[in-house]
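Have a look at structure39.cif below; it lists mmCIF, C-alpha atoms.
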```
data_model
#
loop_
_atom_site.label_atom_id
_atom_site.label_comp_id
_atom_site.auth_asym_id
_atom_site.auth_seq_id
_atom_site.Cartn_x
_atom_site.Cartn_y
_atom_site.Cartn_z
CA MET A 16 -39.43 40.43 32.56
CA ASN A 17 -40.43 42.75 29.78
CA GLU A 18 -43.63 41.45 28.13
CA ARG A 19 -43.37 43.98 25.30
CA HIS A 20 -41.40 43.95 22.08
CA PRO A 21 -37.74 45.00 22.24
CA ALA A 22 -36.82 48.61 21.76
CA PRO A 23 -36.61 49.79 18.14
CA GLY A 24 -33.42 50.14 16.16
CA GLY A 25 -30.16 50.58 18.00
CA LEU A 26 -31.98 51.06 21.29
CA ALA A 27 -32.43 47.27 21.35
CA LEU A 28 -28.66 47.00 21.89
CA ILE A 29 -28.82 49.36 24.86
CA GLU A 30 -31.91 47.68 26.31
CA SER A 31 -30.32 44.24 26.11
CA LEU A 32 -27.01 45.48 27.58
CA VAL A 33 -28.74 47.08 30.57
CA ASN A 34 -30.74 43.89 31.04
CA THR A 35 -27.69 41.61 31.24
CA VAL A 36 -27.81 41.69 35.02
CA ASP A 37 -30.67 40.47 37.21
CA LEU A 38 -30.47 42.70 40.28
CA ALA A 39 -32.71 40.42 42.35
CA SER A 40 -30.54 37.32 41.89
CA GLY A 41 -27.20 38.95 41.09
CA VAL A 42 -26.81 36.85 37.93
CA ASP A 43 -24.79 38.78 35.34
CA LEU A 44 -24.76 37.45 31.78
CA LEU A 45 -21.53 39.35 31.16
CA ASP A 46 -19.86 36.86 33.53
CA THR A 47 -20.22 34.23 30.82
CA ALA A 48 -18.27 33.93 27.58
CA ASP A 49 -21.54 33.70 25.60
CA GLY A 50 -22.93 36.78 27.35
CA ARG A 51 -19.82 38.80 26.53
CA ALA A 52 -19.74 37.49 22.95
CA ALA A 53 -23.27 38.77 22.35
CA PHE A 54 -21.89 42.30 22.77
CA GLY A 55 -18.44 41.72 21.31
CA VAL A 56 -16.82 42.24 24.71
CA THR A 57 -13.66 40.46 25.79
CA ALA A 58 -12.85 39.53 29.37
CA ALA A 59 -10.35 42.41 29.44
CA GLU A 60 -13.10 44.86 28.38
CA LEU A 61 -15.54 43.64 31.02
CA PRO A 62 -14.97 46.42 33.60
CA ALA A 63 -15.53 49.10 30.94
CA ALA A 64 -18.65 47.29 29.65
CA ARG A 65 -20.10 47.14 33.17
CA GLU A 66 -19.34 50.81 33.75
CA LEU A 67 -21.10 51.65 30.49
CA ARG A 68 -24.05 49.41 31.39
CA GLU A 69 -24.58 51.14 34.75
CA ALA A 70 -24.32 54.63 33.23
CA LEU A 71 -26.92 53.57 30.65
CA ARG A 72 -29.14 52.24 33.45
CA ALA A 73 -28.85 55.62 35.19
CA ALA A 74 -29.92 57.41 32.00
CA CYS A 75 -32.87 55.04 31.51
CA LEU A 76 -33.96 55.60 35.10
CA ALA A 77 -33.65 59.36 34.65
CA HIS A 78 -35.90 59.14 31.56
CA ALA A 79 -38.54 57.60 33.83
CA GLY A 80 -38.00 60.16 36.61
CA HIS A 81 -36.14 57.76 38.93
CA ALA A 82 -32.62 57.90 40.30
CA LEU A 83 -30.09 55.37 41.50
CA PRO A 84 -29.09 56.52 44.98
CA ASP A 85 -25.74 54.73 44.89
CA GLY A 86 -25.00 54.52 41.18
CA PRO A 87 -23.49 56.77 38.55
CA ALA A 88 -25.21 59.91 37.36
CA PRO A 89 -26.66 59.86 33.83
CA SER A 90 -24.04 62.47 32.91
CA ALA A 91 -21.39 59.75 33.37
CA LEU A 92 -22.31 58.57 29.87
CA GLY A 93 -20.73 61.63 28.24
CA PRO A 94 -17.12 60.89 29.23
CA LEU A 95 -17.58 57.17 28.57
CA LEU A 96 -18.81 57.76 25.03
CA ALA A 97 -16.39 60.62 24.25
CA ARG A 98 -13.66 58.10 23.49
CA ALA A 99 -15.82 56.14 21.01
CA PRO A 100 -14.34 56.18 17.48
CA LEU A 101 -17.10 57.39 15.16
CA LEU A 102 -17.32 58.32 11.50
CA VAL A 103 -19.84 60.37 9.56
CA GLU A 104 -20.95 58.39 6.53
CA VAL A 105 -22.57 60.26 3.65
CA ALA A 106 -24.61 58.30 1.11
CA ASP A 107 -24.95 59.07 -2.60
CA ASP A 108 -28.34 60.65 -1.94
CA GLY A 109 -26.74 63.10 0.50
CA THR A 110 -28.07 61.59 3.71
CA ALA A 111 -25.59 61.36 6.54
CA ALA A 112 -25.35 59.18 9.62
CA LEU A 113 -22.89 58.38 12.35
CA ALA A 114 -21.24 54.97 12.20
CA PRO A 115 -18.74 53.16 14.39
CA ALA A 116 -15.21 53.22 12.96
CA ASP A 117 -13.85 49.88 11.76
CA GLY A 118 -13.04 47.66 14.71
CA ALA A 119 -14.91 49.99 17.10
CA ASP A 120 -15.98 48.61 20.43
CA LEU A 121 -19.28 48.50 22.29
CA HIS A 122 -18.96 52.16 23.30
CA ALA A 123 -19.02 53.28 19.66
CA ARG A 124 -22.05 51.12 18.84
CA VAL A 125 -23.88 52.55 21.86
CA ALA A 126 -22.92 56.12 20.90
CA VAL A 127 -24.30 55.60 17.39
CA ALA A 128 -27.51 54.10 18.80
CA ILE A 129 -28.00 57.04 21.17
CA ALA A 130 -27.29 59.62 18.45
CA ALA A 131 -29.81 57.98 16.10
CA ALA A 132 -32.42 57.73 18.88
CA VAL A 133 -31.94 61.38 19.84
CA ALA A 134 -32.35 62.35 16.18
CA ASP A 135 -35.58 60.37 15.77
CA GLY A 136 -37.00 61.30 19.19
CA THR A 137 -36.98 57.82 20.74
CA TRP A 138 -34.09 58.13 23.22
CA ARG A 139 -36.23 59.39 26.12
CA ARG A 140 -38.65 56.48 25.67
CA LEU A 141 -35.98 54.00 26.77
CA LYS A 142 -36.61 53.87 30.50
CA GLY A 143 -35.67 52.02 33.64
CA CYS A 144 -38.17 50.08 35.75
CA GLU A 145 -39.21 51.82 38.96
CA SER A 146 -38.98 48.58 40.96
CA GLU A 147 -35.83 48.73 43.10
CA ASP A 148 -35.15 45.00 42.75
CA CYS A 149 -35.58 45.10 38.97
CA ARG A 150 -34.37 48.30 37.23
CA TRP A 151 -34.59 46.63 33.81
CA ALA A 152 -34.63 48.81 30.74
CA TYR A 153 -37.78 48.85 28.62
CA TYR A 154 -39.07 50.86 25.70
CA ASP A 155 -42.14 52.88 26.66
CA ARG A 156 -44.65 52.55 23.85
CA SER A 157 -47.55 53.97 25.86
CA PRO A 158 -49.28 56.93 24.17
CA ALA A 159 -48.48 59.34 26.99
CA GLY A 160 -44.98 57.95 27.58
CA ARG A 161 -45.59 57.52 31.31
CA ARG A 162 -45.01 53.83 32.00
CA ARG A 163 -43.30 53.15 35.31
CA TRP A 164 -42.48 49.44 35.18
CA CYS A 165 -40.92 47.07 32.70
CA SER A 166 -43.87 44.75 33.18
CA MET A 167 -47.28 45.64 34.52
CA ALA A 168 -47.92 41.94 35.12
CA VAL A 169 -44.86 41.54 37.38
CA CYS A 170 -43.25 44.72 38.71
CA GLY A 171 -46.35 46.89 38.38
CA ALA A 172 -48.59 44.31 40.05
CA ARG A 173 -46.13 43.92 42.94
CA ALA A 174 -45.92 47.69 43.45
CA LYS A 175 -49.70 48.05 43.40
CA MET A 176 -50.10 45.21 45.89
CA ARG A 177 -47.52 46.80 48.24
CA ALA A 178 -49.38 50.11 48.02
CA TYR A 179 -52.69 48.36 48.67
CA ARG A 180 -51.29 46.62 51.75
CA ALA A 181 -49.73 49.86 53.01
CA ARG A 182 -53.20 51.44 52.91
CA GLY A 183 -54.47 48.62 55.10
CA GLY A 184 -56.09 46.69 52.28
CA GLY A 185 -56.72 43.00 52.66
CA ARG A 186 -57.00 43.11 56.46
CA SER A 187 -60.10 41.91 58.17
CA PRO A 188 -61.72 44.28 60.66
CA ALA A 189 -60.74 43.74 64.28
#
```
Any chance you could give the structure as structure tokens?
Amino acid sequence: MNERHPAPGGLALIESLVNTVDLASGVDLLDTADGRAAFGVTAAELPAARELREALRAACLAHAGHALPDGPAPSALGPLLARAPLLVEVADDGTAALAPADGADLHARVAVAIAAAVADGTWRRLKGCESEDCRWAYYDRSPAGRRRWCSMAVCGARAKMRAYRARGGGRSPA
């Protein structure tokens, strides 16, 4: 649904993981072998990957000022990522960065992506769509950082039409 470019850097991993499920249809790409392979997830790791995905969705929604009434809190990410095996790599020029340990799973790659995004100030721009039947992740590139929907052409237009109708718009006078 997102008509914009993917999120920058490691946030693209998080955006695509959150967007593996279509809430309107219930189709979950992680149910397929190809969908799991895209994230390096085995069938045995599927419950943990889904738990991570929903905690990430909660964080993205929180960035946009929304909340999932029946989902995990954004703070659920902390304990999920605490077990991620990470290393600090230092280059010859003295720069340092977090990296997943050899053989690290999806949790470690997500932790590294979040740490890098926090460091460069982009983490809070990864948001969740306000539309209750969408909730896709998108990267907010708007100057003010106040986008509300993944797609103005789809979710935004639907929301504006619902608001218009609720105000009595489109009705002919009686």
field: Residue neighbourhood Val103 of chain A, 9 Å, all atoms listed in the file, exclusion window fewer than 3 positions, as a list of chain:residue names
entry: A:Ala111, A:Ala112, A:Leu113, A:Ala114, A:Pro115
message: Which residue is closest to Val127 of chain A? Choose from A:Gly143, A:Pro100, A:Pro158, A:Pro94 and count only C-alpha atoms.
response: A:Pro100
message: Set the distance at 10 Å and use all atoms listed in the file: which residues neighbour segment 51-65 of chain A once local chain neighbours fewer than 2 positions away are removed? I'd like the list as a ChimeraX atom specification.
response: /A:28,31-33,35-36,43-49,67-71,95,119-122,124
Point-to-point distance from atom CA of Thr137 of chain A to atom CA of Tyr153 of chain A, Å rounded to tenths: 12.0 Å
message: Please compute the atom CA of Cys75 of chain A-atom CA of Tyr154 of chain A distance, one decimal, in Å.
response: 9.5 Å
task: Using atom CA of Arg139 of chain A and atom CA of His78 of chain A as the two end points, give the distance in Å to one decimal.
output: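 Atom-to-atom, atom CA of Arg139 of chain A and atom CA of His78 of chain A are spaced 5.5 Å apart.
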message: Which residue is closest to Glu30 of chain A? Choose from A:Glu145, A:Pro89, A:Arg161, A:Arg72 and count only C-alpha atoms.
response: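 Checking each candidate against Glu30 of chain A, we get A:Arg72 as the closest.
Nearest residue to Leu101 of chain A among A:Ala79, A:Ala130, A:Gly160, A:Ala88 is A:Ala130, counting all atoms listed in the file.
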